[in-house]
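*Asks:* Just dropping this structure here.
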Amino acid sequence: MSGNDFRVGFIGLGNMGAPMAERLLDRPGGLVVCDVRPEATQTFTARGAEAADSPADTAARAAVISVVVLDDDQVRKVVTGTDGILRTAEPGTVVAVHSTISDATAVELADECAGRGVEFVDAPISGGAQGAKQGRLAVMVGGSDTAFERIREPFGRWADLVVHAGPVGAGTRMKLARNLLHFVAFTAASEAQRLAETAGLDITDLGKVVRHSDAVTGGPGAIMLRETTAPVPPGDFWHSILGHVRDLGEKDLSLALSLGERLGIELPLARTALDGLGPGLGVGAGDTAKEQR
């Protein structure tokens, strides 16, 4: 078998897995699908896919296998269980886990797979169910160069950004860093809503403004352009740009904290942000943050 003419297996046809797998239905080489709910495979078999009754059955028929299940325990069962992938996988098979699991679990499973001549990649995804339906997911791959080259073509059918993060475990570490930003931002959004609500504002209108401006500016990702988080030397191109961002941010954070004090509402994330914005940007605290200490 050469080129991209190989069968892909897909295990887990839930809210994320099903729309991802659907984009493989017309792929040359064929598709094998597997889910604990037999009815979940019916839509796929009606359109030409094969149904497997277990992960082992999937591995017996496919050269690249995507796994989209819930957590570490389910991933271990799918890969190494009594009816798991490793029971039948041929040497050279690539097992790609898209679930967000521990990076330690990824490394552990990669070692077990390597003992059978099987390539393991941790390949968590970002973009949610909507991104899956649109084929616009981002996938962060941890694995060997050989495995990455093998999976790029099928992954490109359901993702429009495929990043090779590094060796096994790197994909998961990148996903955890990405989700750190995601959920801290959600917490910050809740704090902003409390401030707005206490100030008598319509928080749904605030949400409209946030979505509109982030779509234009790129949100937090707009400042994630440097190659290192080390302090920026004063003569560096980025120093004046990020210094300007810091000064604007410290001014606005200080004003928000002042409003919060007048309204009697605690804003702990805003306080942390005021203290950490300049150092985080690599340009040190500005005058406003220093005055607030």
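Here's how to read the names in the structure tokens: chain A, B, ... by the order shown, residue numbers from 1 in each chain, ligand numbers from 1 in the order shown.
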Near A:Ala104, within 10 Å and counting only C-alpha atoms, which residues show up once chain neighbours fewer than 2 positions away are dropped, as number ranges by chain?
*Replies:* A: 101-102, 106-110, 168-169, 172-173
*Asks:* Name all residues at most 6 Å from stretch 64-77 of chain A (count only C-alpha atoms; drop same-chain ones fewer than 6 positions away) and give them as a CSV table (one decimal) with all heavy atoms, in the first residue's frame.
*Replies:*
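Okay, around33.csv is ready:
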```csv
chain,number,residue,atom,x,y,z
A,8,VAL,N,-8.8,4.1,6.7
A,8,VAL,CA,-8.8,4.8,8.0
A,8,VAL,C,-9.9,4.2,8.8
A,8,VAL,O,-11.0,4.0,8.4
A,8,VAL,CB,-9.0,6.3,7.8
A,8,VAL,CG1,-9.2,7.0,9.1
A,8,VAL,CG2,-7.9,7.0,7.0
A,9,GLY,N,-9.6,4.0,10.1
A,9,GLY,CA,-10.5,3.6,11.1
A,9,GLY,C,-10.9,4.8,12.0
A,9,GLY,O,-10.0,5.6,12.3
A,10,PHE,N,-12.1,4.8,12.5
A,10,PHE,CA,-12.6,5.9,13.3
A,10,PHE,C,-13.4,5.3,14.5
A,10,PHE,O,-14.4,4.6,14.2
A,10,PHE,CB,-13.4,6.9,12.6
A,10,PHE,CG,-13.2,8.3,13.0
A,10,PHE,CD1,-12.4,9.2,12.3
A,10,PHE,CD2,-13.8,8.7,14.2
A,10,PHE,CE1,-12.2,10.5,12.8
A,10,PHE,CE2,-13.7,10.0,14.6
A,10,PHE,CZ,-12.8,10.9,14.0
A,11,ILE,N,-12.9,5.5,15.7
A,11,ILE,CA,-13.5,4.9,16.9
A,11,ILE,C,-14.1,6.0,17.7
A,11,ILE,O,-13.3,6.9,18.2
A,11,ILE,CB,-12.5,4.1,17.7
A,11,ILE,CG1,-12.0,2.9,16.8
A,11,ILE,CG2,-13.2,3.5,19.0
A,11,ILE,CD1,-10.9,2.1,17.5
A,12,GLY,N,-15.4,6.1,17.9
A,12,GLY,CA,-16.0,7.1,18.7
A,12,GLY,C,-16.8,8.1,17.8
A,12,GLY,O,-16.2,8.9,17.1
A,17,GLY,N,-16.7,13.2,17.1
A,17,GLY,CA,-16.3,12.2,16.2
A,17,GLY,C,-17.1,12.0,14.9
A,17,GLY,O,-16.5,11.8,13.9
A,93,THR,N,1.0,0.5,11.8
A,93,THR,CA,-0.3,1.1,12.0
A,93,THR,C,-0.1,2.4,12.8
A,93,THR,O,0.8,2.4,13.7
A,93,THR,CB,-1.2,0.2,12.8
A,93,THR,OG1,-1.5,-1.0,12.0
A,93,THR,CG2,-2.6,0.9,13.1
A,94,VAL,N,-0.8,3.4,12.5
A,94,VAL,CA,-0.7,4.7,13.3
A,94,VAL,C,-2.1,4.8,14.1
A,94,VAL,O,-3.1,4.8,13.5
A,94,VAL,CB,-0.5,5.9,12.4
A,94,VAL,CG1,-0.5,7.2,13.3
A,94,VAL,CG2,0.7,5.8,11.6
A,95,VAL,N,-1.9,5.0,15.4
A,95,VAL,CA,-3.1,5.2,16.3
A,95,VAL,C,-3.0,6.6,16.8
A,95,VAL,O,-2.1,7.1,17.4
A,95,VAL,CB,-3.0,4.2,17.5
A,95,VAL,CG1,-4.2,4.5,18.5
A,95,VAL,CG2,-3.0,2.8,17.1
A,96,ALA,N,-4.1,7.4,16.4
A,96,ALA,CA,-4.1,8.8,16.8
A,96,ALA,C,-5.3,9.0,17.8
A,96,ALA,O,-6.4,8.8,17.5
A,96,ALA,CB,-4.4,9.6,15.5
A,97,VAL,N,-4.9,9.5,18.9
A,97,VAL,CA,-5.9,9.8,20.0
A,97,VAL,C,-6.2,11.3,20.0
A,97,VAL,O,-5.3,12.1,20.2
A,97,VAL,CB,-5.4,9.3,21.3
A,97,VAL,CG1,-6.4,9.8,22.4
A,97,VAL,CG2,-5.3,7.8,21.4
A,98,HIS,N,-7.5,11.6,19.7
A,98,HIS,CA,-7.9,13.0,19.6
A,98,HIS,C,-8.5,13.5,21.0
A,98,HIS,O,-8.8,14.7,21.1
A,98,HIS,CB,-8.9,13.2,18.5
A,98,HIS,CG,-8.4,12.8,17.2
A,98,HIS,ND1,-7.3,13.3,16.6
A,98,HIS,CD2,-8.8,11.8,16.3
A,98,HIS,CE1,-7.1,12.7,15.4
A,98,HIS,NE2,-8.0,11.8,15.2
A,99,SER,N,-8.8,12.6,21.9
A,99,SER,CA,-9.3,13.0,23.2
A,99,SER,C,-8.2,13.8,23.9
A,99,SER,O,-7.0,13.6,23.8
A,99,SER,CB,-9.6,11.7,24.0
A,99,SER,OG,-10.3,10.8,23.2
A,101,ILE,N,-6.3,14.0,27.0
A,101,ILE,CA,-5.9,13.1,28.0
A,101,ILE,C,-4.6,13.7,28.7
A,101,ILE,O,-4.1,14.7,28.3
A,101,ILE,CB,-5.6,11.7,27.5
A,101,ILE,CG1,-4.5,11.7,26.4
A,101,ILE,CG2,-6.9,11.0,27.0
A,101,ILE,CD1,-4.1,10.3,25.9
```
*Asks:* What's the 10 Å shell around A:Asp145, counting only C-alpha atoms, without same-chain residues fewer than 2 positions away, as a compact mmCIF listing (two decimals) with C-alpha atoms, in the first residue's frame?
*Replies:*
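File produced: part-v6.txt:
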```
# COMPACT_ATOMS: atom_id res chain seq x y z
CA GLY A 142 2.67 14.75 19.11
CA GLY A 143 4.52 11.94 17.38
CA ALA A 147 3.65 9.18 11.78
CA PHE A 148 2.95 12.87 11.16
CA GLU A 149 3.46 12.51 7.43
CA ARG A 150 1.15 9.50 7.44
CA HIS A 164 3.30 19.03 14.44
CA GLY A 166 6.83 17.67 18.63
CA PRO A 167 7.30 14.12 19.99
```
*Asks:* Give me the residues near stretch 24-32 of chain A as a list in words, where near means some atom within 6 Å (using only C-alpha atoms) and where sequence neighbours in that chain fewer than 5 positions away do not count.
*Replies:*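 Returned residues: Asp5, Phe6, Arg7, Val8, Gly9, Ala49, Glu50 and Ala51 of chain A.
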*Asks:* Any chance you can output those residues with N, CA, C and O atoms as a PDB file, in the first residue's frame?
*Replies:*
```
ATOM      1  N   ASP A   5      -3.499   5.709  -0.283  1.00  0.00           N
ATOM      2  CA  ASP A   5      -4.493   4.678  -0.580  1.00  0.00           C
ATOM      3  C   ASP A   5      -4.531   3.639   0.538  1.00  0.00           C
ATOM      4  O   ASP A   5      -4.181   2.478   0.362  1.00  0.00           O
ATOM      5  N   PHE A   6      -4.924   4.087   1.742  1.00  0.00           N
ATOM      6  CA  PHE A   6      -5.032   3.173   2.877  1.00  0.00           C
ATOM      7  C   PHE A   6      -6.345   3.452   3.599  1.00  0.00           C
ATOM      8  O   PHE A   6      -6.897   4.553   3.544  1.00  0.00           O
ATOM      9  N   ARG A   7      -6.832   2.433   4.290  1.00  0.00           N
ATOM     10  CA  ARG A   7      -8.113   2.554   4.988  1.00  0.00           C
ATOM     11  C   ARG A   7      -7.904   3.246   6.335  1.00  0.00           C
ATOM     12  O   ARG A   7      -6.939   2.972   7.048  1.00  0.00           O
ATOM     13  N   VAL A   8      -8.824   4.130   6.670  1.00  0.00           N
ATOM     14  CA  VAL A   8      -8.815   4.826   7.950  1.00  0.00           C
ATOM     15  C   VAL A   8      -9.898   4.243   8.839  1.00  0.00           C
ATOM     16  O   VAL A   8     -11.023   3.992   8.388  1.00  0.00           O
ATOM     17  N   GLY A   9      -9.553   4.021  10.101  1.00  0.00           N
ATOM     18  CA  GLY A   9     -10.535   3.604  11.092  1.00  0.00           C
ATOM     19  C   GLY A   9     -10.894   4.764  11.997  1.00  0.00           C
ATOM     20  O   GLY A   9     -10.047   5.628  12.276  1.00  0.00           O
ATOM     21  N   ALA A  49     -19.360   3.159   4.258  1.00  0.00           N
ATOM     22  CA  ALA A  49     -18.333   2.789   5.223  1.00  0.00           C
ATOM     23  C   ALA A  49     -18.560   1.374   5.728  1.00  0.00           C
ATOM     24  O   ALA A  49     -19.656   0.823   5.629  1.00  0.00           O
ATOM     25  N   GLU A  50     -17.524   0.773   6.282  1.00  0.00           N
ATOM     26  CA  GLU A  50     -17.636  -0.520   6.937  1.00  0.00           C
ATOM     27  C   GLU A  50     -17.809  -0.290   8.437  1.00  0.00           C
ATOM     28  O   GLU A  50     -17.265   0.659   8.986  1.00  0.00           O
ATOM     29  N   ALA A  51     -18.564  -1.169   9.087  1.00  0.00           N
ATOM     30  CA  ALA A  51     -18.736  -1.083  10.534  1.00  0.00           C
ATOM     31  C   ALA A  51     -17.917  -2.182  11.200  1.00  0.00           C
ATOM     32  O   ALA A  51     -17.919  -3.328  10.751  1.00  0.00           O
TER      33      ALA A  51
END
```
*Asks:* What parts of stretch 18-264 of chain A does DSSP call alpha helix (DSSP H)? I'd like the answer as a PyMOL selection string.
*Replies:* chain A and resi 18-22+42-45+55-59+72-80+103-114+128-134+145-155+170-198+203-217+237-263
*Asks:* Could you tell me how far atom CA of A:Glu191 lies from atom CA of A:Ala289, in Å and to one decimal?
*Replies:* 19.7 Å
*Asks:* Need to verify the contact set: A:Val162, 12 Å, only C-alpha atoms, exclusion of same-chain residues closer than 6 positions in sequence. Can you return it as a list of chain:residue names?
*Replies:*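 Counting only C-alpha atoms, the residues come to A:Ala123, A:Pro124, A:Ile125, A:Ser126, A:Gly135, A:Arg136, A:Leu137, A:Ala138, A:Val139, A:Met140, A:Val141, A:Gly142, A:Phe148, A:Glu149, A:Ile151, A:Arg152, A:Glu153, A:Pro154, A:Phe155, A:Gly156, A:Gly171.
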*Asks:* Between atom CA of A:Thr288 and atom CA of A:Leu248, what is the spacing in Å?
*Replies:* 9.8 Å
*Asks:* Any idea what's packed within 7 Å of stretch 269-281 of chain A, counting only C-alpha atoms, ignoring anything in its chain fewer than 2 positions away? Could you give it as a VMD selection string?
*Replies:* chain A and resid 188 242 246 250 253 257 267 283 to 286 289
*Asks:* List the neighbours of A:Arg194 out to 12 Å using only C-alpha atoms; skip same-chain residues closer than 4 positions along the sequence, and give me the result as a list in words.
*Replies:*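 Answer for this query is Thr187, Ala188, Ala189, Ser190, Thr198, Ala199, Gly200, Leu201, Asp202, Ile203, Thr204, Leu206, Ala256, Leu259, Gly260, Leu263, Gly264, Ile265, Glu266, Leu267 and Pro268 of chain A.
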*Asks:* Taking the chain letters and numbering used in this document, name the residues of stretch 53-283 of chain A that DSSP puts in strand (DSSP E), as a PyMOL selection string.
*Replies:* chain A and resi 64-67+94-97+119-122+125-126+137-142+159-166
*Asks:* Go ahead and save the residues from that selection, with C-alpha atoms, as a compact mmCIF listing (two decimals), in the first residue's frame.
*Replies:*
```txt
# COMPACT_ATOMS: atom_id res chain seq x y z
CA VAL A 64 -4.55 4.73 10.49
CA ILE A 65 -7.01 4.78 13.38
CA SER A 66 -8.52 7.90 14.96
CA VAL A 67 -9.87 7.62 18.51
CA VAL A 94 -0.75 4.67 13.32
CA VAL A 95 -3.07 5.17 16.31
CA ALA A 96 -4.14 8.79 16.77
CA VAL A 97 -5.93 9.81 19.96
CA GLU A 119 3.03 4.30 15.99
CA PHE A 120 1.07 6.30 18.57
CA VAL A 121 0.31 10.00 18.23
CA ASP A 122 -1.53 12.25 20.64
CA ILE A 125 -8.31 18.95 18.66
CA SER A 126 -9.57 22.50 19.15
CA LEU A 137 -10.66 22.12 13.53
CA ALA A 138 -7.09 22.69 14.66
CA VAL A 139 -5.19 19.52 15.55
CA MET A 140 -1.98 19.46 17.56
CA VAL A 141 0.07 16.35 16.86
CA GLY A 142 2.67 14.75 19.11
CA ALA A 159 -9.02 20.10 10.09
CA ASP A 160 -7.78 23.24 8.38
CA LEU A 161 -4.80 23.59 10.73
CA VAL A 162 -2.55 20.58 11.41
CA VAL A 163 0.43 21.41 13.66
CA HIS A 164 3.30 19.03 14.44
CA ALA A 165 3.92 20.06 18.04
CA GLY A 166 6.83 17.67 18.63
```
*Asks:* Report, in Å with one decimal, the straight-line distance from atom CA of A:Leu181 to atom CA of A:Gln292.
*Replies:*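 For atom CA of A:Leu181 relative to atom CA of A:Gln292, the distance reads 25.2 Å.
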